[in-house]
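**Q** If you scroll down you'll find the structure; I have some questions about it.
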Amino acid sequence: MQAFTYQQGELHAEDVALSSIAEQFGTPTYVYSRAHIEAQYRSYADALQGVEHLVCYAVKANSNIAVLNILARLGAGFDIVSIGELERVLAAGGLPERVVFSGVGKTREEMRRALEVGVHCFNVESVDELERLQEEAARLGVIAPVSLRVNPDVDAGTHPYISTGLKDNKFGIDINIAESVYLRAAVLSNIAIKGVDCHIGSQLTTLEPFLDALDRVLVLVDRLAKHGITVQHLDLGGGLGVRYQDEQPPCAGEYMAAVRERVAGRDLALVFEPGRYIVANAGVLLTRVEYLKHTEHKDFAIVDAAMNDLLRPALYQAWMDVQPVKPRAGMPRKYDVVGPVCETGDFLAKERDLTLAEGDLLTVSSAGAYGFVMSSNYNSRGRAAEVVVDGEHAYLVRRRESIEELFAHESLLPEA
Ligand SMILES: Cc1ncc(COP(=O)(O)O)c(C=O)c1O
Ligand SMILES: N[C@@H](CCCC[NH3+])C(=O)O
């Protein structure tokens, strides 16, 4: 579904005019569509009907508790990478038994909390982590459910910073040694082997890398069976891409159909960890033009959002669409849309044809994933507000950070 559409010459989120959101809550503000989040989740879950499955939304993509709650109400599971994400999920009404715990650096404290609440599975990323988990589970007198995250060494063909399944990445266990690590896990008294996990990268726009990885994982599953190790589930991670510009990624239905075909006849439950696919196009960053600066060489639209609000363009040179909330007539100019932060890398978009005036509202599209969550207070800028639109209602789900909050955790040195 299209969550953001022009109605009577003005961009709306579902049935709410974005100008009214700017008026009510100010700018910059992240705006999310509930209906879009729900539709995207359902496209995964519905395509898995008839197979035992768990769709574990990757909390890192957008961790606002209202977003998590929308998904929890649909029965979603959650993929977490920290105790902070675990507590968010619980606060949002998510069930611990539907949580998978990923990440290369789980601390003992994080393991204990996850064991206490009873997560569905730990996705273990190294031998040392496995041994540590055994120790903590033994101390608590519980059994830790485990998948090993294997690194299948496939090239996801995505930006190098967001590719995770190559042998020189820090993630996972080399698939060539995974068999021996499973044999070790099998003799640890407080470890129960549940599955095999892999996640090869983010923003994949074709199915081939996923299916290559799956084929390699299935070879491992068969080898484990020969040792009497039966796995109950395959966790194929997240990574399905979305359209930012002109990409044409497959939809969840196509992906699920291809996976189902490959695992047919096997008694395996399926787990997925989609993040971006669920929320990216459910959100925009709403911002206002402060100044237009026309120089001899370039035209700049200086807006009130910056790299501290939305890092993706600066960090990955990611292309994100920019749309005027109320398009105006007139000859467009080629603008770089930049923020007020003191960095040359502070841009949201480059060389976009726009007809603008000071005070105009713009949106940066596809900002629902890895947007607010990657924001910072750089240049002592308070973080943006977040709003969820549901039909004709707009709800503030995180208020704008105040000036006082910026230094609330700091203190002065004592008087000499
Ligand atoms: C282990 C793991 N699972 C799931 C995801 C979610 O990825 P995406 O947002 O691309 O679906 C990530 C991030 O890349 C991840 O590292
Ligand atoms: N933050 C990245 C994706 C990283 C995925 C997390 N493993 C992005 O904005 O595209």
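Chain lettering (A, B, ...) mirrors the order of the structure tokens, residue numbering begins at 1 for each chain separately, and ligand numbering begins at 1 in order of display.
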Residues within 7 Å of ligand 1, counting only C-alpha atoms and all ligand atoms: report them as number ranges by chain.

**A** A: 58, 61, 79, 102-103, 162, 199, 201-203, 237-241, 273-277

**Q** Keeping N, CA and C atoms for every residue in the selection just given, could you write it to a file as an mmCIF file, in the first residue's frame?

**A**
```
data_model
loop_
_atom_site.group_PDB
_atom_site.id
_atom_site.type_symbol
_atom_site.label_atom_id
_atom_site.label_comp_id
_atom_site.auth_asym_id
_atom_site.auth_seq_id
_atom_site.Cartn_x
_atom_site.Cartn_y
_atom_site.Cartn_z
ATOM 1 N N ALA A 58 13.016 -6.953 13.205
ATOM 2 C CA ALA A 58 14.333 -6.511 13.697
ATOM 3 C C ALA A 58 14.195 -5.134 14.341
ATOM 4 N N ALA A 61 15.706 -1.539 13.442
ATOM 5 C CA ALA A 61 15.282 -0.706 12.312
ATOM 6 C C ALA A 61 14.458 0.493 12.770
ATOM 7 N N ASP A 79 13.438 -9.578 16.782
ATOM 8 C CA ASP A 79 14.874 -9.865 16.746
ATOM 9 C C ASP A 79 15.559 -8.716 17.472
ATOM 10 N N SER A 102 20.125 -11.776 18.704
ATOM 11 C CA SER A 102 21.281 -11.788 17.797
ATOM 12 C C SER A 102 22.365 -10.855 18.338
ATOM 13 N N GLY A 103 23.502 -10.835 17.672
ATOM 14 C CA GLY A 103 24.551 -9.862 18.013
ATOM 15 C C GLY A 103 25.859 -10.515 18.410
ATOM 16 N N ILE A 162 26.850 -2.606 4.815
ATOM 17 C CA ILE A 162 25.669 -3.314 5.325
ATOM 18 C C ILE A 162 25.607 -4.746 4.827
ATOM 19 N N HIS A 199 22.224 -14.462 8.424
ATOM 20 C CA HIS A 199 21.736 -13.153 7.956
ATOM 21 C C HIS A 199 22.867 -12.561 7.146
ATOM 22 N N GLY A 201 22.998 -9.756 5.035
ATOM 23 C CA GLY A 201 23.155 -8.333 4.721
ATOM 24 C C GLY A 201 21.804 -7.665 4.598
ATOM 25 N N SER A 202 21.843 -6.397 4.279
ATOM 26 C CA SER A 202 20.631 -5.593 4.285
ATOM 27 C C SER A 202 20.419 -4.967 2.913
ATOM 28 N N GLN A 203 19.174 -4.594 2.630
ATOM 29 C CA GLN A 203 18.802 -3.952 1.361
ATOM 30 C C GLN A 203 19.214 -4.814 0.159
ATOM 31 N N GLY A 237 17.159 -14.767 8.821
ATOM 32 C CA GLY A 237 17.522 -13.364 9.040
ATOM 33 C C GLY A 237 16.584 -12.394 8.339
ATOM 34 N N GLY A 238 17.096 -11.179 8.152
ATOM 35 C CA GLY A 238 16.299 -10.145 7.465
ATOM 36 C C GLY A 238 16.943 -9.845 6.137
ATOM 37 N N GLY A 239 16.904 -8.596 5.725
ATOM 38 C CA GLY A 239 17.686 -8.188 4.566
ATOM 39 C C GLY A 239 16.913 -7.868 3.310
ATOM 40 N N LEU A 240 15.633 -8.230 3.265
ATOM 41 C CA LEU A 240 14.886 -7.962 2.037
ATOM 42 C C LEU A 240 14.817 -6.447 1.809
ATOM 43 N N GLY A 241 15.157 -6.031 0.590
ATOM 44 C CA GLY A 241 15.278 -4.603 0.296
ATOM 45 C C GLY A 241 13.942 -3.940 0.008
ATOM 46 N N GLU A 273 13.800 -12.348 10.130
ATOM 47 C CA GLU A 273 14.077 -11.160 10.954
ATOM 48 C C GLU A 273 14.012 -9.887 10.113
ATOM 49 N N PRO A 274 12.907 -9.604 9.455
ATOM 50 C CA PRO A 274 12.869 -8.414 8.599
ATOM 51 C C PRO A 274 12.796 -7.128 9.424
ATOM 52 N N GLY A 275 13.540 -6.139 9.003
ATOM 53 C CA GLY A 275 13.481 -4.829 9.645
ATOM 54 C C GLY A 275 13.022 -3.792 8.635
ATOM 55 N N ARG A 276 13.949 -3.452 7.738
ATOM 56 C CA ARG A 276 13.696 -2.411 6.743
ATOM 57 C C ARG A 276 12.400 -2.645 5.964
ATOM 58 N N TYR A 277 12.166 -3.898 5.560
ATOM 59 C CA TYR A 277 11.002 -4.209 4.730
ATOM 60 C C TYR A 277 9.694 -3.817 5.434
#
```

**Q** Counting only C-alpha atoms, which residues of stretch 40-83 of chain A sit at most 7 Å from some atom of stretch 89-98 of chain A, and what is each one's closest atom pair with its distance in Å to one decimal, listed by chain and rising residue number, as a Markdown table?

**A**
```
| residue | atom | partner | partner_atom | distance |
| --- | --- | --- | --- | --- |
| A:Ile65 | CA | A:Ala92 | CA | 5.3 |
| A:Ala66 | CA | A:Ala92 | CA | 7.0 |
| A:Leu68 | CA | A:Ala92 | CA | 5.9 |
| A:Asn69 | CA | A:Ala92 | CA | 4.8 |
| A:Ala72 | CA | A:Gly94 | CA | 5.1 |
| A:Gly77 | CA | A:Arg98 | CA | 4.5 |
| A:Phe78 | CA | A:Arg98 | CA | 6.4 |
```

**Q** Would you pick out the contacts of stretch 295-300 of chain A at 8 Å or less, using only C-alpha atoms, so that residues sharing its chain but fewer than 3 positions from it are not included, and give the list as a list in words?

**A**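 Near neighbours after the sequence-gap exclusion: Leu292, Arg333, Lys334, Tyr335, Asp336, Val337 and Val338 of chain A.
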
**Q** For the residues in that selection, give me N, CA and C atoms as a compact mmCIF listing (two decimals), in the first residue's frame.

**A**
```
# COMPACT_ATOMS: atom_id res chain seq x y z
N LEU A 292 17.11 29.45 1.57
CA LEU A 292 17.57 29.04 0.25
C LEU A 292 18.82 29.83 -0.04
N ARG A 333 14.90 24.36 -9.59
CA ARG A 333 16.36 24.50 -9.56
C ARG A 333 16.93 23.21 -9.01
N LYS A 334 18.23 23.01 -9.22
CA LYS A 334 18.88 21.80 -8.70
C LYS A 334 19.43 22.08 -7.31
N TYR A 335 18.75 21.57 -6.32
CA TYR A 335 19.15 21.87 -4.95
C TYR A 335 19.91 20.71 -4.29
N ASP A 336 20.91 21.06 -3.49
CA ASP A 336 21.40 20.14 -2.48
C ASP A 336 20.59 20.46 -1.22
N VAL A 337 19.96 19.42 -0.67
CA VAL A 337 19.17 19.62 0.54
C VAL A 337 20.07 19.29 1.73
N VAL A 338 20.39 20.32 2.51
CA VAL A 338 21.40 20.15 3.56
C VAL A 338 20.84 20.63 4.89
```

**Q** Can you check which residues of stretch 8-62 of chain A DSSP gives as helix (DSSP H, G or I) on the backbone and send them as a VMD selection string?

**A** chain A and resid 18 to 25 34 to 47 59 to 61

**Q** Which residue gives the smallest distance to ligand 2 among A:Val364, A:Leu218, A:Cys342, A:Met374, with only C-alpha atoms and all ligand atoms counted?

**A** A:Met374

**Q** Using DSSP on the backbone coordinates, identify all residues within stretch 30-178 of chain A classified as strand (DSSP E); present the result as an MDAnalysis selection string.

**A** chainID A and resid 30:33 53:58 77:80 99:101 121:124 144:151 173:174

**Q** Deliver the residues from the most recent selection as a file, using C-alpha atoms, as a JSON list (two decimals), in the first residue's frame.

**A**
```
[["chain", "number", "residue", "atom", "x", "y", "z"],
["A", 30, "TYR", "CA", 9.34, 11.49, 11.83],
["A", 31, "VAL", "CA", 5.88, 10.41, 10.66],
["A", 32, "TYR", "CA", 4.92, 6.73, 10.44],
["A", 33, "SER", "CA", 1.85, 5.03, 8.97],
["A", 53, "HIS", "CA", 6.91, -19.82, 11.52],
["A", 54, "LEU", "CA", 7.92, -16.77, 13.47],
["A", 55, "VAL", "CA", 8.35, -13.34, 11.88],
["A", 56, "CYS", "CA", 10.72, -11.57, 14.25],
["A", 57, "TYR", "CA", 10.76, -7.87, 13.41],
["A", 58, "ALA", "CA", 14.33, -6.51, 13.70],
["A", 77, "GLY", "CA", 8.16, -11.93, 17.24],
["A", 78, "PHE", "CA", 11.20, -9.68, 17.64],
["A", 79, "ASP", "CA", 14.87, -9.87, 16.75],
["A", 80, "ILE", "CA", 16.94, -8.01, 19.33],
["A", 99, "VAL", "CA", 12.23, -13.11, 20.80],
["A", 100, "VAL", "CA", 15.46, -14.13, 19.09],
["A", 101, "PHE", "CA", 18.64, -12.61, 20.45],
["A", 121, "CYS", "CA", 16.49, -18.56, 20.89],
["A", 122, "PHE", "CA", 19.99, -17.14, 21.16],
["A", 123, "ASN", "CA", 21.65, -16.68, 17.78],
["A", 124, "VAL", "CA", 25.19, -17.46, 18.86],
["A", 144, "ALA", "CA", 19.66, -22.00, 26.78],
["A", 145, "PRO", "CA", 17.97, -22.54, 23.39],
["A", 146, "VAL", "CA", 20.54, -21.93, 20.67],
["A", 147, "SER", "CA", 21.03, -21.48, 16.93],
["A", 148, "LEU", "CA", 24.47, -20.85, 15.56],
["A", 149, "ARG", "CA", 24.62, -17.88, 13.23],
["A", 150, "VAL", "CA", 26.62, -19.23, 10.34],
["A", 151, "ASN", "CA", 28.39, -17.11, 7.84],
["A", 173, "ILE", "CA", 30.65, -18.48, 12.44],
["A", 174, "ASP", "CA", 32.36, -19.58, 9.23]]
```

**Q** Pick the closest to ligand 2 from A:Val279, A:Val196, A:Ile37, A:Leu188: which is it, counting only C-alpha atoms and all ligand atoms?

**A** A:Val279

**Q** Counting only C-alpha atoms, which of A:Val16, A:Leu311, A:Ala76, A:Leu354 gets nearest to A:Met331?

**A**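 Among the listed residues, A:Leu354 lies closest to A:Met331.
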
**Q** Which of these residues is nearest to A:Leu285, using only C-alpha atoms: A:Glu10, A:Asp304, A:Asp267, A:Glu247?

**A**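 Ranked by minimum distance to A:Leu285, first place goes to A:Asp304.
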
**Q** Taking only C-alpha atoms into account, which of A:Glu131, A:Glu415, A:Glu392, A:Glu179 comes nearest A:Ala13?

**A** A:Glu392

**Q** Which residues, written as a VMD selection string, have at least one atom at most 8 Å from stretch 132-134 of chain A, with only C-alpha atoms counted and residues fewer than 3 positions away on the same chain left out?

**A** chain A and resid 108 111 128 to 129 137 to 138 144 188 to 191

**Q** Only N, CA and C atoms, please: the residues just picked out, written as a compact mmCIF listing (two decimals), in the first residue's frame.

**A**
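Listed below is the output, part.txt:
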```
# COMPACT_ATOMS: atom_id res chain seq x y z
N ARG A 108 27.49 -10.86 29.64
CA ARG A 108 26.92 -11.83 30.59
C ARG A 108 25.60 -11.32 31.15
N MET A 111 22.90 -11.84 28.68
CA MET A 111 22.53 -13.26 28.60
C MET A 111 21.63 -13.66 29.76
N ASP A 128 33.34 -18.76 21.68
CA ASP A 128 33.48 -18.18 23.03
C ASP A 128 32.13 -17.76 23.59
N GLU A 129 31.28 -17.24 22.72
CA GLU A 129 29.94 -16.85 23.18
C GLU A 129 29.16 -18.08 23.63
N ALA A 137 23.95 -20.11 31.78
CA ALA A 137 22.74 -20.95 31.90
C ALA A 137 22.91 -21.93 33.06
N ALA A 138 24.13 -22.48 33.21
CA ALA A 138 24.38 -23.44 34.29
C ALA A 138 24.22 -22.74 35.64
N ALA A 144 19.68 -23.08 27.77
CA ALA A 144 19.66 -22.00 26.78
C ALA A 144 19.36 -22.57 25.39
N LEU A 188 27.29 -29.74 25.53
CA LEU A 188 27.19 -28.79 26.64
C LEU A 188 25.85 -29.00 27.36
N SER A 189 25.93 -29.19 28.68
CA SER A 189 24.74 -29.65 29.42
C SER A 189 23.61 -28.63 29.47
N ASN A 190 23.93 -27.34 29.38
CA ASN A 190 22.87 -26.34 29.50
C ASN A 190 22.55 -25.64 28.19
N ILE A 191 22.94 -26.28 27.11
CA ILE A 191 22.65 -25.73 25.77
C ILE A 191 21.72 -26.71 25.05
```

**Q** Check the smallest atom-to-atom distance from each of A:Ser375, A:Ser19, A:Thr107, A:Gln2 to ligand 2 using only C-alpha atoms and all ligand atoms, then report the winner.

**A** A:Ser375
